[in-house]
Every structure is written in structure tokens, then in C-alpha cells.
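Q: Pasting run.csv here (CSV, C-alpha atoms):
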```csv
chain,number,residue,atom,x,y,z
V,1,MET,CA,0.0,0.0,0.0
V,2,ALA,CA,1.4,3.4,-1.0
V,3,GLU,CA,2.3,5.8,1.9
V,4,ALA,CA,-0.1,8.8,2.2
V,5,THR,CA,1.5,12.3,1.8
V,6,PRO,CA,1.7,13.8,5.3
V,7,VAL,CA,-1.0,16.5,5.8
V,8,VAL,CA,0.3,19.6,7.5
V,9,PRO,CA,-2.2,20.5,10.2
V,10,ASN,CA,-3.9,23.9,9.7
V,11,SER,CA,-2.6,25.3,13.0
V,12,GLU,CA,1.0,24.7,11.9
V,13,LEU,CA,0.3,25.9,8.3
V,14,LEU,CA,-1.2,29.1,9.6
V,15,GLU,CA,2.0,29.9,11.5
V,16,TRP,CA,3.9,30.1,8.1
V,17,PRO,CA,3.1,33.7,7.1
V,18,LYS,CA,4.5,35.0,10.5
V,19,LYS,CA,7.8,33.1,9.9
V,20,ASP,CA,8.0,34.0,6.1
V,21,LYS,CA,10.1,36.8,4.8
V,22,ARG,CA,7.4,39.2,3.6
V,23,ARG,CA,7.7,42.7,2.0
V,24,PHE,CA,5.5,45.0,0.0
V,25,LEU,CA,7.0,45.0,-3.5
V,26,HIS,CA,4.8,47.2,-5.6
V,27,ALA,CA,1.2,48.5,-6.3
V,28,VAL,CA,-0.1,48.0,-9.8
V,29,TYR,CA,-2.5,50.3,-11.5
V,30,ARG,CA,-3.5,51.6,-14.9
V,31,VAL,CA,-2.9,55.0,-16.4
V,32,GLY,CA,-4.1,56.7,-19.6
V,33,ASP,CA,-0.8,58.3,-20.7
V,34,LEU,CA,2.4,56.7,-19.4
V,35,ASP,CA,4.8,59.5,-20.2
V,36,ARG,CA,2.5,62.1,-18.6
V,37,THR,CA,2.4,60.1,-15.3
V,38,ILE,CA,6.1,59.5,-15.3
V,39,LYS,CA,6.7,63.2,-15.8
V,40,PHE,CA,4.3,64.1,-13.0
V,41,TYR,CA,5.8,61.5,-10.5
V,42,THR,CA,9.4,62.4,-11.2
V,43,GLU,CA,9.0,66.2,-11.3
V,44,CYS,CA,6.3,66.7,-8.7
V,45,PHE,CA,6.9,63.8,-6.2
V,46,GLY,CA,10.6,63.3,-6.8
V,47,MET,CA,10.3,59.6,-7.7
V,48,LYS,CA,12.9,57.9,-10.0
V,49,LEU,CA,12.0,56.0,-13.1
V,50,LEU,CA,13.5,52.6,-12.3
V,51,ARG,CA,12.6,50.6,-15.4
V,52,LYS,CA,10.2,50.6,-18.3
V,53,ARG,CA,9.1,47.9,-20.7
V,54,ASP,CA,7.0,47.7,-23.8
V,55,VAL,CA,5.1,44.5,-24.7
V,56,PRO,CA,3.7,45.2,-28.2
V,57,GLU,CA,2.4,41.7,-28.7
V,58,GLU,CA,0.2,42.1,-25.6
V,59,LYS,CA,-0.5,45.8,-26.5
V,60,TYR,CA,0.7,47.3,-23.2
V,61,SER,CA,3.7,49.1,-21.6
V,62,ASN,CA,4.8,49.2,-17.9
V,63,ALA,CA,6.9,51.7,-15.9
V,64,PHE,CA,8.2,51.2,-12.4
V,65,LEU,CA,8.8,54.3,-10.3
V,66,GLY,CA,9.8,54.8,-6.6
V,67,PHE,CA,12.1,56.5,-4.2
V,68,GLY,CA,14.8,53.7,-4.2
V,69,PRO,CA,15.8,50.4,-5.8
V,70,GLU,CA,13.1,47.7,-6.2
V,71,GLU,CA,15.3,45.3,-4.2
V,72,SER,CA,14.6,47.3,-1.1
V,73,HIS,CA,11.8,49.7,-1.7
V,74,PHE,CA,8.1,49.7,-2.4
V,75,VAL,CA,7.4,51.1,-5.9
V,76,VAL,CA,4.5,51.7,-8.2
V,77,GLU,CA,4.0,49.7,-11.4
V,78,LEU,CA,2.1,51.7,-13.9
V,79,THR,CA,0.3,49.9,-16.8
V,80,TYR,CA,-0.6,51.6,-20.0
V,81,ASN,CA,-2.9,49.6,-22.3
V,82,TYR,CA,-2.6,50.7,-25.9
V,83,GLY,CA,-5.4,53.1,-26.9
V,84,VAL,CA,-7.0,53.3,-23.4
V,85,THR,CA,-6.8,56.9,-22.2
V,86,SER,CA,-9.0,56.8,-19.0
V,87,TYR,CA,-10.2,54.5,-16.3
V,88,ASP,CA,-12.8,54.4,-13.6
V,89,ILE,CA,-11.1,54.5,-10.2
V,90,GLY,CA,-14.3,53.5,-8.4
V,91,THR,CA,-15.4,54.3,-4.8
V,92,GLY,CA,-13.3,51.7,-3.0
V,93,PHE,CA,-9.8,52.8,-3.8
V,94,GLY,CA,-8.7,55.5,-1.4
V,95,HIS,CA,-5.1,56.8,-1.9
V,96,PHE,CA,-1.4,56.2,-1.9
V,97,ALA,CA,0.7,58.1,0.6
V,98,ILE,CA,4.1,59.7,0.4
V,99,ALA,CA,6.1,60.7,3.5
V,100,THR,CA,8.2,63.9,3.2
V,101,PRO,CA,10.2,66.1,5.6
V,102,ASP,CA,8.3,69.2,4.5
V,103,VAL,CA,4.7,68.9,3.2
V,104,TYR,CA,4.4,72.7,2.6
V,105,LYS,CA,7.5,72.8,0.4
V,106,LEU,CA,6.4,69.7,-1.6
V,107,VAL,CA,2.9,71.1,-2.2
V,108,GLU,CA,4.4,74.4,-3.5
V,109,ASN,CA,6.5,72.4,-5.9
V,110,ILE,CA,3.5,70.4,-7.1
V,111,ARG,CA,1.4,73.6,-7.4
V,112,ALA,CA,4.1,75.3,-9.4
V,113,LYS,CA,4.1,72.4,-11.9
V,114,GLY,CA,0.3,72.6,-12.3
V,115,GLY,CA,-0.6,69.8,-9.9
V,116,ASN,CA,-4.1,69.5,-8.4
V,117,ILE,CA,-4.1,70.2,-4.6
V,118,THR,CA,-7.3,68.8,-3.2
V,119,ARG,CA,-6.5,69.6,0.5
V,120,GLU,CA,-4.1,72.3,1.5
V,121,PRO,CA,-1.3,71.4,3.9
V,122,GLY,CA,-2.0,71.7,7.6
V,123,PRO,CA,-2.5,69.6,10.7
V,124,VAL,CA,-5.1,66.8,10.7
V,125,LYS,CA,-8.4,67.6,12.4
V,126,GLY,CA,-7.9,67.0,16.2
V,127,GLY,CA,-4.2,66.2,15.8
V,128,THR,CA,-0.8,67.5,15.1
V,129,SER,CA,0.3,65.5,12.0
V,130,VAL,CA,0.7,67.7,9.0
V,131,ILE,CA,-0.8,66.4,5.8
V,132,ALA,CA,-2.1,67.4,2.3
V,133,PHE,CA,-3.8,65.7,-0.5
V,134,VAL,CA,-3.1,65.9,-4.2
V,135,LYS,CA,-4.5,64.2,-7.3
V,136,ASP,CA,-2.3,62.9,-10.2
V,137,PRO,CA,-3.3,63.4,-13.8
V,138,ASP,CA,-5.4,60.2,-13.8
V,139,GLY,CA,-7.3,61.2,-10.6
V,140,TYR,CA,-5.4,58.9,-8.2
V,141,VAL,CA,-5.2,60.6,-4.8
V,142,PHE,CA,-1.9,60.9,-2.9
V,143,GLU,CA,-1.8,61.8,0.7
V,144,LEU,CA,1.4,63.7,1.7
V,145,ILE,CA,2.5,63.1,5.3
V,146,GLN,CA,5.1,65.1,7.1
V,147,ARG,CA,7.8,62.9,8.6
V,148,ALA,CA,11.3,64.0,9.6
V,149,SER,CA,12.9,61.0,8.0
V,150,THR,CA,11.7,57.6,6.7
V,151,PRO,CA,13.4,54.6,5.0
V,152,GLU,CA,10.2,54.2,2.9
V,153,PRO,CA,8.7,57.4,1.5
V,154,LEU,CA,6.0,55.5,-0.5
V,155,CYS,CA,4.3,54.5,2.7
V,156,GLN,CA,0.6,53.6,2.3
V,157,VAL,CA,-2.0,52.1,0.2
V,158,MET,CA,-5.5,52.9,1.4
V,159,LEU,CA,-8.5,50.8,0.5
V,160,ARG,CA,-12.1,50.9,1.8
V,161,VAL,CA,-13.6,47.8,3.2
V,162,GLY,CA,-17.1,46.7,4.3
V,163,ASP,CA,-16.3,44.9,7.5
V,164,LEU,CA,-13.0,46.0,9.2
V,165,GLU,CA,-12.8,43.2,11.7
V,166,ARG,CA,-13.2,40.6,9.0
V,167,SER,CA,-10.5,42.3,6.9
V,168,ILE,CA,-8.1,42.6,9.8
V,169,LYS,CA,-8.5,38.9,10.5
V,170,PHE,CA,-8.0,38.1,6.8
V,171,TYR,CA,-4.7,40.1,6.4
V,172,GLU,CA,-3.4,38.8,9.7
V,173,LYS,CA,-4.1,35.2,8.9
V,174,ALA,CA,-3.6,35.0,5.1
V,175,LEU,CA,-0.7,37.4,4.9
V,176,GLY,CA,0.9,37.5,8.3
V,177,MET,CA,0.5,41.2,8.7
V,178,ARG,CA,-0.1,42.8,12.1
V,179,VAL,CA,-2.2,45.9,13.1
V,180,VAL,CA,0.3,48.7,13.8
V,181,LYS,CA,-2.4,51.3,14.4
V,182,LYS,CA,-6.1,51.5,14.7
V,183,VAL,CA,-8.2,54.8,14.9
V,184,ASP,CA,-11.9,55.1,15.5
V,185,ARG,CA,-13.4,58.5,14.6
V,186,PRO,CA,-17.1,58.4,15.5
V,187,ASP,CA,-17.4,62.2,14.9
V,188,TYR,CA,-16.4,61.5,11.2
V,189,LYS,CA,-18.1,58.1,11.2
V,190,TYR,CA,-15.1,56.0,10.2
V,191,THR,CA,-12.6,53.5,11.6
V,192,LEU,CA,-9.2,52.7,10.1
V,193,ALA,CA,-6.6,50.1,10.7
V,194,MET,CA,-3.0,50.2,9.5
V,195,LEU,CA,-1.5,46.8,8.8
V,196,GLY,CA,2.0,45.8,7.8
V,197,TYR,CA,5.2,43.9,8.6
V,198,ALA,CA,6.9,46.7,10.7
V,199,GLU,CA,6.0,49.9,12.4
V,200,GLU,CA,4.2,52.6,10.3
V,201,HIS,CA,7.1,55.0,10.1
V,202,GLU,CA,9.6,52.2,9.1
V,203,THR,CA,7.7,50.6,6.1
V,204,THR,CA,4.8,50.6,3.8
V,205,VAL,CA,1.4,49.8,5.4
V,206,LEU,CA,-2.0,48.8,4.1
V,207,GLU,CA,-4.6,51.3,5.4
V,208,LEU,CA,-8.0,49.8,5.6
V,209,THR,CA,-10.9,52.2,6.1
V,210,TYR,CA,-14.4,51.3,7.3
V,211,ASN,CA,-17.1,54.0,6.8
V,212,TYR,CA,-19.9,53.4,9.2
V,213,GLY,CA,-22.8,51.6,7.5
V,214,VAL,CA,-21.1,51.2,4.1
V,215,THR,CA,-20.6,47.6,3.3
V,216,GLU,CA,-19.9,47.7,-0.5
V,217,TYR,CA,-17.8,49.8,-2.9
V,218,THR,CA,-17.3,49.8,-6.6
V,219,LYS,CA,-13.8,48.6,-7.7
V,220,GLY,CA,-13.7,50.4,-11.1
V,221,ASN,CA,-11.0,49.2,-13.5
V,222,ALA,CA,-8.1,51.4,-12.6
V,223,TYR,CA,-6.4,50.1,-9.5
V,224,ALA,CA,-5.2,46.5,-9.9
V,225,GLN,CA,-3.3,45.0,-6.9
V,226,VAL,CA,-0.4,45.0,-4.5
V,227,ALA,CA,2.4,42.5,-4.8
V,228,ILE,CA,4.1,41.0,-1.7
V,229,GLY,CA,7.2,38.9,-1.6
V,230,THR,CA,7.3,35.4,-0.1
V,231,ASP,CA,9.9,32.7,0.3
V,232,ASP,CA,7.4,29.9,-0.6
V,233,VAL,CA,4.6,30.7,-3.0
V,234,TYR,CA,3.1,27.2,-2.8
V,235,LYS,CA,2.9,27.1,1.0
V,236,SER,CA,1.6,30.7,1.1
V,237,ALA,CA,-1.1,29.8,-1.4
V,238,GLU,CA,-2.1,26.8,0.9
V,239,VAL,CA,-2.5,29.3,3.8
V,240,VAL,CA,-4.6,31.7,1.7
V,241,ASN,CA,-6.8,28.8,0.6
V,242,VAL,CA,-7.6,27.8,4.2
V,243,VAL,CA,-8.3,31.4,5.2
V,244,THR,CA,-10.6,32.1,2.3
V,245,GLN,CA,-12.7,29.1,3.3
V,246,GLU,CA,-13.2,30.7,6.7
V,247,LEU,CA,-13.4,34.4,5.9
V,248,GLY,CA,-14.2,34.7,2.2
V,249,GLY,CA,-12.2,35.8,-0.8
V,250,LYS,CA,-10.8,33.4,-3.4
V,251,ILE,CA,-7.7,32.3,-5.1
V,252,THR,CA,-7.6,33.7,-8.7
V,253,ARG,CA,-4.4,32.1,-9.8
V,254,GLN,CA,-3.0,28.9,-8.4
V,255,ALA,CA,0.7,28.9,-7.3
V,256,GLY,CA,3.1,28.3,-10.1
V,257,PRO,CA,5.6,30.0,-12.6
V,258,ILE,CA,4.4,32.6,-15.1
V,259,PRO,CA,5.0,31.3,-18.6
V,260,GLY,CA,7.9,33.0,-20.3
V,261,ILE,CA,9.6,34.6,-17.2
V,262,ASN,CA,9.2,31.6,-14.8
V,263,THR,CA,8.7,33.8,-11.7
V,264,LYS,CA,6.5,31.8,-9.3
V,265,ILE,CA,3.4,33.7,-8.2
V,266,THR,CA,-0.1,33.1,-6.8
V,267,SER,CA,-2.9,35.7,-6.7
V,268,PHE,CA,-6.2,36.0,-4.7
V,269,LEU,CA,-9.0,38.3,-3.7
V,270,ASP,CA,-9.7,39.4,-0.1
V,271,PRO,CA,-13.3,39.3,1.2
V,272,ASP,CA,-14.0,42.7,-0.4
V,273,GLY,CA,-12.5,41.7,-3.8
V,274,TRP,CA,-9.2,43.5,-3.4
V,275,LYS,CA,-6.4,41.6,-5.2
V,276,THR,CA,-3.0,40.6,-3.8
V,277,VAL,CA,-0.2,38.8,-5.7
V,278,LEU,CA,2.4,36.8,-3.8
V,279,VAL,CA,5.7,36.7,-5.6
V,280,ASP,CA,8.7,34.4,-5.0
V,281,ASN,CA,11.5,36.5,-3.4
V,282,GLN,CA,14.3,34.8,-5.3
V,283,ASP,CA,12.5,34.8,-8.6
V,284,PHE,CA,11.7,38.5,-8.1
V,285,LEU,CA,15.4,39.4,-7.6
V,286,LYS,CA,16.4,37.3,-10.7
V,287,GLU,CA,13.7,39.2,-12.7
V,288,LEU,CA,15.3,42.5,-11.6
V,289,GLN,CA,18.7,41.4,-12.8
```
Any chance you could put this one into C-alpha cells?

A:
Amino acid sequence: MAEATPVVPNSELLEWPKKDKRRFLHAVYRVGDLDRTIKFYTECFGMKLLRKRDVPEEKYSNAFLGFGPEESHFVVELTYNYGVTSYDIGTGFGHFAIATPDVYKLVENIRAKGGNITREPGPVKGGTSVIAFVKDPDGYVFELIQRASTPEPLCQVMLRVGDLERSIKFYEKALGMRVVKKVDRPDYKYTLAMLGYAEEHETTVLELTYNYGVTEYTKGNAYAQVAIGTDDVYKSAEVVNVVTQELGGKITRQAGPIPGINTKITSFLDPDGWKTVLVDNQDFLKELQ
């Protein structure tokens, strides 16, 4: 009689994301004019263009921009689909955030270059943190946060969710994140949670916002996903599979290599339909070389 493959008990499997080497790699979203967005991000935000590729047979181009090399920094991956000049951002996507030592100075620079300031710089209501909001040429919102220094200036991705406790559980269990900050603002009827792999000022965090009584949002077709590194795509996908059965969401791409480039990935949706891609850490570094 053949020996059965040993089954890893769920409790042991669910410990894996906490032991894994995880890091936010990039956020992927679509833009209507690649060169226009590159110009805006480099001139207004001070990002660097890290790499660019054109895939004519698939009719799209990509550009990767950030504040440091992809090996160590969170970056944005912009996608331009040939001939598509605008997208619907939807009501669920919130903003990206950039930390900077002087919000006032950055806003003046953005204004001088014709940028759209949607909230003037100043302290947050009821607090001391200095922030501002600007919109990029496609309508994506960027929060600017004043911080004396930070190893990761591209510091937040904010998404709206319909059940904050369920989402927190999902990201803790499926992705091994921890809540680094939680704020309830009954006067403004919202609660938010920051989740990540280190403290908020040290790294990129996922900011999940729950607006009282709102359980559903439109996703649009503009924002795509975040990518996170893992040392074992297959094991990580098993964890996600177990967690989706308990909390909702679903795997959209089984673990395995991408044809052509052989980078191992898996992708899935959270209970609200937000997509995450897990990417093999070693394969990712090979891809950069």
C-alpha cells in the first residue's frame, strides 16, 4: 500500500506567514498616458523611473517608479494599455501616501508644476500630523504626510472595506500582517486600521478604512493590486486557501511559474474583492537582474 502524503495541520500551516520573509514589493494600477504620469511623478513627487518595458504583442507598456531600488523599496508599477486613455477609479480605492520632511514645500513644488491640490497642507483635524492631498493626472489621490525621515517614502495604500474586523483577520491570517495602528473617529463616522510587517514609520502599510454603515464599494477598472514577496509561493497559497474558506475571498491564480519569465506567483482576492499577488522572493530578484 502506498504511503499517504503527510498532511500539514492547519494550525502549523497558519504559522507560516509569520515566519515567512514578507515585504510589500509594488502596487499595480492603470494610467491613460504613461509619459504624462512618469513626468508628474518624477517632477512633482521626486520619484525615480526605475525601469520601463513595452510589450507590443500584448499591447501594453509598464513603468516602475519609486524612491529607491526595487530590491529594497516599495514602488508603483504603472500599466498603459494601448489606446485606453482613461479608467474608472471606483469608490473603493482610497489613496497612496508619500512621507516627506516638508509637506508645505512639496505642495508648493506640485502647485508650481500645475498639480491639483485637493487639501491644502496643515494639521489633521484634532491632531498634530501635517498632511495634504493631491491628485495625479489620472485622478489617483496621494496623501502627503510630514515625517522628519523615513526609510520608505512611499508609505501607504488605502483601501475601503465593508467589515473592518473581518478584513483585519484576513490580512493577519492570510498574509501574516499585524495591526500597527487603529483609529476610530465616531465624529467623522469611520474607523481605520494600518496593517503591515513593521511599524508605520519604518515601512509601507496597508490602510483599511471602514465608513460606518457602508458595506460595499465599486472597484472600477483602474487600481489592480499590491504585490508582496514570499519565500514559498506554494505554502503561502495553501494558507490563503484555508483562510478564504473561513473568511471569504478566493484564489484567482494557483501557485506556479508565469510562462515565459518563470517567476512563481499566486494571486487572490480578499473578502472585499481587493487583489494581492504573492511573488517568490528569489525569482523577483532574478527578474530585476

Q: Which distance in Å separates atom CA of Lys135 of chain V and atom CA of Ser61 of chain V, to one decimal?

A: 22.4 Å

Q: Determine the nearest neighbour of Glu15 of chain V from the options V:Val76, V:Ile117, V:Ala224, V:Val240, counting only C-alpha atoms.

A: V:Val240

Q: Would you compute the distance between atom CA of Val28 of chain V and atom CA of Tyr223 of chain V? Give it in Å to one decimal.

A: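 Atom CA of Tyr223 of chain V lies at a distance of 6.6 Å from atom CA of Val28 of chain V.
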
Q: Would you pick out the contacts of Gly249 of chain V at 10 Å or less, using only C-alpha atoms, so that residues sharing its chain but fewer than 6 positions from it are not included, and give the list as a VMD selection string?

A: chain V and resid 170 240 to 241 243 268 to 275

Q: Identify the residues around (10.3, 61.0, 4.3) within a radius of 8 Å, measuring from only C-alpha atoms in the coordinates stated by the file, and give them as a VMD selection string.

A: chain V and resid 98 to 101 146 to 153

Q: Show which residues sit within 12 Å of Glu165 of chain V, as a list in words. Count only C-alpha atoms, and ignore same-chain residues fewer than 3 positions away.

A: Val161, Gly162, Ile168, Lys169, Phe170, Tyr171, Glu172, Val179, Lys182, Thr191, Leu192, Ala193, Leu208, Thr209, Tyr210, Leu247 and Pro271 of chain V

Q: Quick one: write out the picked residues with C-alpha atoms as a PDB file, in the coordinates of the input?

A:
```
ATOM      1  CA  VAL V 161     -13.600  47.800   3.200  1.00  0.00           C
ATOM      2  CA  GLY V 162     -17.100  46.700   4.300  1.00  0.00           C
ATOM      3  CA  ILE V 168      -8.100  42.600   9.800  1.00  0.00           C
ATOM      4  CA  LYS V 169      -8.500  38.900  10.500  1.00  0.00           C
ATOM      5  CA  PHE V 170      -8.000  38.100   6.800  1.00  0.00           C
ATOM      6  CA  TYR V 171      -4.700  40.100   6.400  1.00  0.00           C
ATOM      7  CA  GLU V 172      -3.400  38.800   9.700  1.00  0.00           C
ATOM      8  CA  VAL V 179      -2.200  45.900  13.100  1.00  0.00           C
ATOM      9  CA  LYS V 182      -6.100  51.500  14.700  1.00  0.00           C
ATOM     10  CA  THR V 191     -12.600  53.500  11.600  1.00  0.00           C
ATOM     11  CA  LEU V 192      -9.200  52.700  10.100  1.00  0.00           C
ATOM     12  CA  ALA V 193      -6.600  50.100  10.700  1.00  0.00           C
ATOM     13  CA  LEU V 208      -8.000  49.800   5.600  1.00  0.00           C
ATOM     14  CA  THR V 209     -10.900  52.200   6.100  1.00  0.00           C
ATOM     15  CA  TYR V 210     -14.400  51.300   7.300  1.00  0.00           C
ATOM     16  CA  LEU V 247     -13.400  34.400   5.900  1.00  0.00           C
ATOM     17  CA  PRO V 271     -13.300  39.300   1.200  1.00  0.00           C
TER      18      PRO V 271
END
```

Q: Could you jot down the atom CA of Asp280 of chain V to atom CA of Asp232 of chain V separation for me, Å, one decimal place?

A: 6.4 Å

Q: Go through V:Gln156, V:Thr252, V:Asn116, V:Asn10 and flag the residue nearest Thr204 of chain V, using only C-alpha atoms for the distances.

A: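 Residue with the minimum atom-to-atom distance to Thr204 of chain V: V:Gln156.
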
Q: Kindly provide, as a count of residues only, the polymer residues lying within 12 Å of (6.1, 45.3, 0.7), counting only C-alpha atoms and using the coordinates exactly as they appear in the file.

A: 40
